[in-house]
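Each remark here refers to the structure printed beneath this line.
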Amino acid sequence: MTSKRDQQTVYQTVKRIPPGCVATYGQVADLSNAPGRARWVGYLLRQSPPEEKLPWHRVVNAKGRISFPEGSEKHTMQRRLLEEEGVVFTQGVIDLKQFQWIFSLPDWLFGPPPE
DNA sequence: GGGCTGACCTACT
DNA sequence: CAGTAGGCCAGCC
């Protein structure tokens with residue numbers, strides 16, 4: 001299903017990713033109570049209006065790689081934004097072991113307000 | 001309704 | 001570890 005509420009849930013999840021961390025598309029889909037819809041998450045981020053102010057750059061694919069072709073405008077921008085937050089790229093790949101966001105209830109409850 | 005596309009994922013070579 | 005194949009699901013002709 002594709003209700004507006006589902007979209008908002010995904011947006012909220014992305015907003016909950018703390019700076020200096022990354023999450024995978026599948027992970028976002030999972031946390032948004034939408035398992036198996038990783039591609040749909042990607043679609044939403046592509047469609048997301050700037051006024052939502054989503055930290056879309058903190059979302060990468062399961063291999064820890066940016067999902068844009070290397071050398072493209074978007075790729076370069078995303079990488080720069082992440083590096084500014086302290087995320088380190090080694091051979092163009094993020095070490096998910098080190099930087100992947102681990103969901104925790106305290107973060108969810110006491111983290112920065114999503115709206 | 002049918003067929004193609006994609007900011008994906010997993011498993012298997 | 002790199003490359004491939006198949007599966008997946010929502011959107012858009």
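Ordered as shown in the structure tokens, chains take letters A, B, and onward, while each chain numbers its residues from 1 and ligands are numbered from 1 in the order shown.
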
Would you kindly return, as a PDB file with C-alpha atoms (C1' of nucleotides), in the first residue's frame, each protein, DNA or RNA residue with an atom no farther than 12 Å from any atom of DC8 (chain B), considering only C-alpha atoms (C1' of nucleotides) and excluding same-chain residues fewer than 2 positions away?
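File written: part39.pdb
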ATOM      1  CA  THR A  24      20.846   1.337   4.185  1.00  0.00           C
ATOM      2  CA  TYR A  25      17.720   1.567   2.076  1.00  0.00           C
ATOM      3  CA  GLY A  26      16.626  -1.813   3.332  1.00  0.00           C
ATOM      4  CA  GLN A  27      17.207  -0.741   6.900  1.00  0.00           C
ATOM      5  CA  VAL A  28      15.095   2.381   6.469  1.00  0.00           C
ATOM      6  CA  ALA A  29      12.352   0.331   4.863  1.00  0.00           C
ATOM      7  CA  PRO A  35       9.973  -4.693   4.749  1.00  0.00           C
ATOM      8  CA  GLY A  36      10.900  -5.579   1.201  1.00  0.00           C
ATOM      9  CA  ARG A  37      10.340  -2.069  -0.079  1.00  0.00           C
ATOM     10  CA  ALA A  38      13.917  -0.809  -0.254  1.00  0.00           C
ATOM     11  CA  ARG A  39      13.447   0.304  -3.854  1.00  0.00           C
ATOM     12  CA  TRP A  40      10.361   2.199  -2.878  1.00  0.00           C
ATOM     13  CA  VAL A  41      12.405   4.085  -0.261  1.00  0.00           C
ATOM     14  CA  GLY A  42      14.783   5.098  -3.003  1.00  0.00           C
ATOM     15  CA  TYR A  43      11.862   6.298  -5.072  1.00  0.00           C
ATOM     16  CA  VAL A  59      21.128   6.665   3.141  1.00  0.00           C
ATOM     17  CA  VAL A  60      23.354   4.337   1.134  1.00  0.00           C
ATOM     18  CA  ASN A  61      22.992   0.883  -0.365  1.00  0.00           C
ATOM     19  CA  ALA A  62      23.716  -2.381   1.445  1.00  0.00           C
ATOM     20  CA  LYS A  63      27.334  -2.468   0.287  1.00  0.00           C
ATOM     21  CA  ARG A  65      28.406   2.479  -1.452  1.00  0.00           C
ATOM     22  CA  ILE A  66      26.682   5.556  -2.805  1.00  0.00           C
ATOM     23  CA  SER A  67      24.005   4.585  -5.273  1.00  0.00           C
TER      24      SER A  67
ATOM     25  C1'  DG B   6      14.606   1.856 -10.615  1.00  0.00           C
ATOM     26  C1'  DT B  10      20.581 -11.706  -1.394  1.00  0.00           C
TER      27       DT B  10
ATOM     28  C1'  DG C   7      13.776 -11.698  -6.754  1.00  0.00           C
ATOM     29  C1'  DC C   8      11.279  -7.699  -5.096  1.00  0.00           C
ATOM     30  C1'  DC C   9       7.713  -4.007  -4.966  1.00  0.00           C
TER      31       DC C   9
END

> Which residues in chain A does DSSP call strand (DSSP E)? List them as number ranges by chain.
Replying inline: A: 23-24, 59-60, 89-90, 93-94

>> What does the structure give for the distance between C1' of DC1 (chain C) and CA of Glu70 (chain A), in Å to one decimal?
In response: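 CA of Glu70 (chain A) lies at a distance of 20.1 Å from C1' of DC1 (chain C).
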
>> Considering only helix (DSSP H, G or I) as DSSP defines it on the backbone, what residues of chain A qualify? List them as JSON, numbers by chain.
In response: {"A": [4, 5, 6, 7, 8, 9, 10, 11, 12, 13, 14, 15, 25, 26, 27, 28, 29, 30, 31, 38, 39, 40, 41, 42, 43, 44, 45, 46, 47, 50, 51, 52, 56, 57, 58, 73, 74, 75, 76, 77, 78, 79, 80, 81, 82, 83, 84, 96, 97, 98, 99, 105, 106, 107, 108, 109, 110]}

C-alpha atoms of the current selection, written as a PDB file, in the first residue's frame:
ATOM      1  CA  LYS A   4       0.587   9.202   2.799  1.00  0.00           C
ATOM      2  CA  ARG A   5       1.079   7.909   6.292  1.00  0.00           C
ATOM      3  CA  ASP A   6       3.533   5.306   5.043  1.00  0.00           C
ATOM      4  CA  GLN A   7       5.501   8.021   3.314  1.00  0.00           C
ATOM      5  CA  GLN A   8       5.599  10.119   6.460  1.00  0.00           C
ATOM      6  CA  THR A   9       6.850   7.117   8.399  1.00  0.00           C
ATOM      7  CA  VAL A  10       9.741   6.746   5.994  1.00  0.00           C
ATOM      8  CA  TYR A  11      10.507  10.445   6.140  1.00  0.00           C
ATOM      9  CA  GLN A  12      10.494  10.298   9.914  1.00  0.00           C
ATOM     10  CA  THR A  13      12.832   7.342   9.944  1.00  0.00           C
ATOM     11  CA  VAL A  14      15.319   9.118   7.704  1.00  0.00           C
ATOM     12  CA  LYS A  15      15.172  12.183   9.904  1.00  0.00           C
ATOM     13  CA  TYR A  25      17.720   1.567   2.076  1.00  0.00           C
ATOM     14  CA  GLY A  26      16.626  -1.813   3.332  1.00  0.00           C
ATOM     15  CA  GLN A  27      17.207  -0.741   6.900  1.00  0.00           C
ATOM     16  CA  VAL A  28      15.095   2.381   6.469  1.00  0.00           C
ATOM     17  CA  ALA A  29      12.352   0.331   4.863  1.00  0.00           C
ATOM     18  CA  ASP A  30      12.506  -2.140   7.712  1.00  0.00           C
ATOM     19  CA  LEU A  31      12.356   0.501  10.437  1.00  0.00           C
ATOM     20  CA  ALA A  38      13.917  -0.809  -0.254  1.00  0.00           C
ATOM     21  CA  ARG A  39      13.447   0.304  -3.854  1.00  0.00           C
ATOM     22  CA  TRP A  40      10.361   2.199  -2.878  1.00  0.00           C
ATOM     23  CA  VAL A  41      12.405   4.085  -0.261  1.00  0.00           C
ATOM     24  CA  GLY A  42      14.783   5.098  -3.003  1.00  0.00           C
ATOM     25  CA  TYR A  43      11.862   6.298  -5.072  1.00  0.00           C
ATOM     26  CA  LEU A  44      10.557   8.379  -2.179  1.00  0.00           C
ATOM     27  CA  LEU A  45      13.907  10.012  -1.568  1.00  0.00           C
ATOM     28  CA  ARG A  46      14.141  10.902  -5.231  1.00  0.00           C
ATOM     29  CA  GLN A  47      10.682  12.435  -5.062  1.00  0.00           C
ATOM     30  CA  PRO A  50      13.498  19.996  -0.369  1.00  0.00           C
ATOM     31  CA  GLU A  51      11.146  21.482   2.222  1.00  0.00           C
ATOM     32  CA  GLU A  52      11.114  18.135   3.977  1.00  0.00           C
ATOM     33  CA  TRP A  56      18.963  11.808   2.291  1.00  0.00           C
ATOM     34  CA  HIS A  57      22.735  11.689   2.030  1.00  0.00           C
ATOM     35  CA  ARG A  58      22.870   9.410   5.086  1.00  0.00           C
ATOM     36  CA  GLU A  73      27.031  15.588  -9.448  1.00  0.00           C
ATOM     37  CA  LYS A  74      24.832  13.855  -6.888  1.00  0.00           C
ATOM     38  CA  HIS A  75      27.506  11.335  -5.979  1.00  0.00           C
ATOM     39  CA  THR A  76      30.087  14.002  -5.307  1.00  0.00           C
ATOM     40  CA  MET A  77      27.691  16.080  -3.250  1.00  0.00           C
ATOM     41  CA  GLN A  78      26.533  13.163  -1.127  1.00  0.00           C
ATOM     42  CA  ARG A  79      30.068  12.062  -0.427  1.00  0.00           C
ATOM     43  CA  ARG A  80      31.120  15.567   0.544  1.00  0.00           C
ATOM     44  CA  LEU A  81      28.181  15.976   2.938  1.00  0.00           C
ATOM     45  CA  LEU A  82      28.982  12.678   4.626  1.00  0.00           C
ATOM     46  CA  GLU A  83      32.665  13.428   4.974  1.00  0.00           C
ATOM     47  CA  GLU A  84      31.794  16.730   6.591  1.00  0.00           C
ATOM     48  CA  LEU A  96      29.180  -0.138   7.652  1.00  0.00           C
ATOM     49  CA  LYS A  97      30.549  -1.988  10.667  1.00  0.00           C
ATOM     50  CA  GLN A  98      31.733   1.349  11.918  1.00  0.00           C
ATOM     51  CA  PHE A  99      29.239   3.883  10.617  1.00  0.00           C
ATOM     52  CA  LEU A 105      14.845   3.217  21.693  1.00  0.00           C
ATOM     53  CA  PRO A 106      16.509   6.065  23.629  1.00  0.00           C
ATOM     54  CA  ASP A 107      17.519   7.658  20.357  1.00  0.00           C
ATOM     55  CA  TRP A 108      13.982   7.339  19.107  1.00  0.00           C
ATOM     56  CA  LEU A 109      12.450   8.786  22.283  1.00  0.00           C
ATOM     57  CA  PHE A 110      14.941  11.458  23.199  1.00  0.00           C
TER      58      PHE A 110
END

Polymer residues at most 10 Å from DT13 (chain B), only C-alpha atoms (C1' of nucleotides), same-chain spacing of 5 or more positions, as a PDB file with all heavy atoms, in the first residue's frame:
ATOM      1  P    DG C   3      33.998  -6.153 -10.950  1.00  0.00           P
ATOM      2  OP1  DG C   3      34.779  -5.591 -12.065  1.00  0.00           O
ATOM      3  OP2  DG C   3      33.218  -5.288 -10.044  1.00  0.00           O
ATOM      4  O5'  DG C   3      33.009  -7.255 -11.561  1.00  0.00           O
ATOM      5  C5'  DG C   3      33.547  -8.440 -12.127  1.00  0.00           C
ATOM      6  C4'  DG C   3      32.419  -9.394 -12.465  1.00  0.00           C
ATOM      7  O4'  DG C   3      32.010 -10.089 -11.269  1.00  0.00           O
ATOM      8  C3'  DG C   3      31.185  -8.709 -13.038  1.00  0.00           C
ATOM      9  O3'  DG C   3      30.782  -9.393 -14.207  1.00  0.00           O
ATOM     10  C2'  DG C   3      30.158  -8.803 -11.911  1.00  0.00           C
ATOM     11  C1'  DG C   3      30.600 -10.057 -11.162  1.00  0.00           C
ATOM     12  N9   DG C   3      30.275 -10.037  -9.738  1.00  0.00           N
ATOM     13  C8   DG C   3      30.550  -9.038  -8.835  1.00  0.00           C
ATOM     14  N7   DG C   3      30.158  -9.295  -7.615  1.00  0.00           N
ATOM     15  C5   DG C   3      29.587 -10.556  -7.721  1.00  0.00           C
ATOM     16  C6   DG C   3      28.992 -11.374  -6.729  1.00  0.00           C
ATOM     17  O6   DG C   3      28.829 -11.147  -5.519  1.00  0.00           O
ATOM     18  N1   DG C   3      28.530 -12.578  -7.256  1.00  0.00           N
ATOM     19  C2   DG C   3      28.639 -12.955  -8.567  1.00  0.00           C
ATOM     20  N2   DG C   3      28.138 -14.141  -8.886  1.00  0.00           N
ATOM     21  N3   DG C   3      29.205 -12.204  -9.511  1.00  0.00           N
ATOM     22  C4   DG C   3      29.653 -11.022  -9.017  1.00  0.00           C
ATOM     23  P    DT C   4      29.452  -8.963 -15.010  1.00  0.00           P
ATOM     24  OP1  DT C   4      29.707  -9.205 -16.446  1.00  0.00           O
ATOM     25  OP2  DT C   4      29.034  -7.626 -14.539  1.00  0.00           O
ATOM     26  O5'  DT C   4      28.408 -10.042 -14.478  1.00  0.00           O
ATOM     27  C5'  DT C   4      28.806 -11.401 -14.431  1.00  0.00           C
ATOM     28  C4'  DT C   4      27.630 -12.297 -14.065  1.00  0.00           C
ATOM     29  O4'  DT C   4      27.464 -12.310 -12.635  1.00  0.00           O
ATOM     30  C3'  DT C   4      26.294 -11.885 -14.670  1.00  0.00           C
ATOM     31  O3'  DT C   4      25.672 -13.028 -15.249  1.00  0.00           O
ATOM     32  C2'  DT C   4      25.510 -11.343 -13.475  1.00  0.00           C
ATOM     33  C1'  DT C   4      26.107 -12.100 -12.306  1.00  0.00           C
ATOM     34  N1   DT C   4      26.088 -11.391 -11.002  1.00  0.00           N
ATOM     35  C2   DT C   4      25.525 -12.013  -9.914  1.00  0.00           C
ATOM     36  O2   DT C   4      25.022 -13.130  -9.962  1.00  0.00           O
ATOM     37  N3   DT C   4      25.563 -11.292  -8.747  1.00  0.00           N
ATOM     38  C4   DT C   4      26.094 -10.028  -8.562  1.00  0.00           C
ATOM     39  O4   DT C   4      26.064  -9.495  -7.461  1.00  0.00           O
ATOM     40  C5   DT C   4      26.673  -9.432  -9.736  1.00  0.00           C
ATOM     41  C7   DT C   4      27.270  -8.068  -9.656  1.00  0.00           C
ATOM     42  C6   DT C   4      26.642 -10.137 -10.892  1.00  0.00           C
ATOM     43  P    DA C   5      24.203 -13.015 -15.853  1.00  0.00           P
ATOM     44  OP1  DA C   5      24.122 -14.099 -16.850  1.00  0.00           O
ATOM     45  OP2  DA C   5      23.878 -11.615 -16.235  1.00  0.00           O
ATOM     46  O5'  DA C   5      23.320 -13.417 -14.600  1.00  0.00           O
ATOM     47  C5'  DA C   5      23.664 -14.601 -13.848  1.00  0.00           C
ATOM     48  C4'  DA C   5      22.428 -15.139 -13.149  1.00  0.00           C
ATOM     49  O4'  DA C   5      22.316 -14.557 -11.846  1.00  0.00           O
ATOM     50  C3'  DA C   5      21.118 -14.806 -13.853  1.00  0.00           C
ATOM     51  O3'  DA C   5      20.186 -15.846 -13.622  1.00  0.00           O
ATOM     52  C2'  DA C   5      20.711 -13.488 -13.220  1.00  0.00           C
ATOM     53  C1'  DA C   5      21.223 -13.646 -11.794  1.00  0.00           C
ATOM     54  N9   DA C   5      21.696 -12.404 -11.179  1.00  0.00           N
ATOM     55  C8   DA C   5      22.296 -11.331 -11.778  1.00  0.00           C
ATOM     56  N7   DA C   5      22.624 -10.372 -10.944  1.00  0.00           N
ATOM     57  C5   DA C   5      22.219 -10.852  -9.715  1.00  0.00           C
ATOM     58  C6   DA C   5      22.280 -10.317  -8.417  1.00  0.00           C
ATOM     59  N6   DA C   5      22.806  -9.137  -8.139  1.00  0.00           N
ATOM     60  N1   DA C   5      21.783 -11.061  -7.409  1.00  0.00           N
ATOM     61  C2   DA C   5      21.262 -12.264  -7.682  1.00  0.00           C
ATOM     62  N3   DA C   5      21.145 -12.874  -8.861  1.00  0.00           N
ATOM     63  C4   DA C   5      21.651 -12.098  -9.842  1.00  0.00           C
TER      64       DA C   5
END

> How many Å lie between CA of Thr90 (chain A) and CA of Ala23 (chain A), rounded to one decimal?
Replying inline: 17.1 Å

> Using only C-alpha atoms (C1' of nucleotides), which residue out of A:Pro113, A:Gly92, A:Ser104, A:Pro69 lies closest to chain B?
Replying inline: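 Under the stated criterion, the closest residue is A:Pro69.
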
> CA of Gly64 (chain A) to CA of Ser32 (chain A): how many Å, to one decimal?
Replying inline: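 Separation of CA of Gly64 (chain A) and CA of Ser32 (chain A): 19.8 Å.
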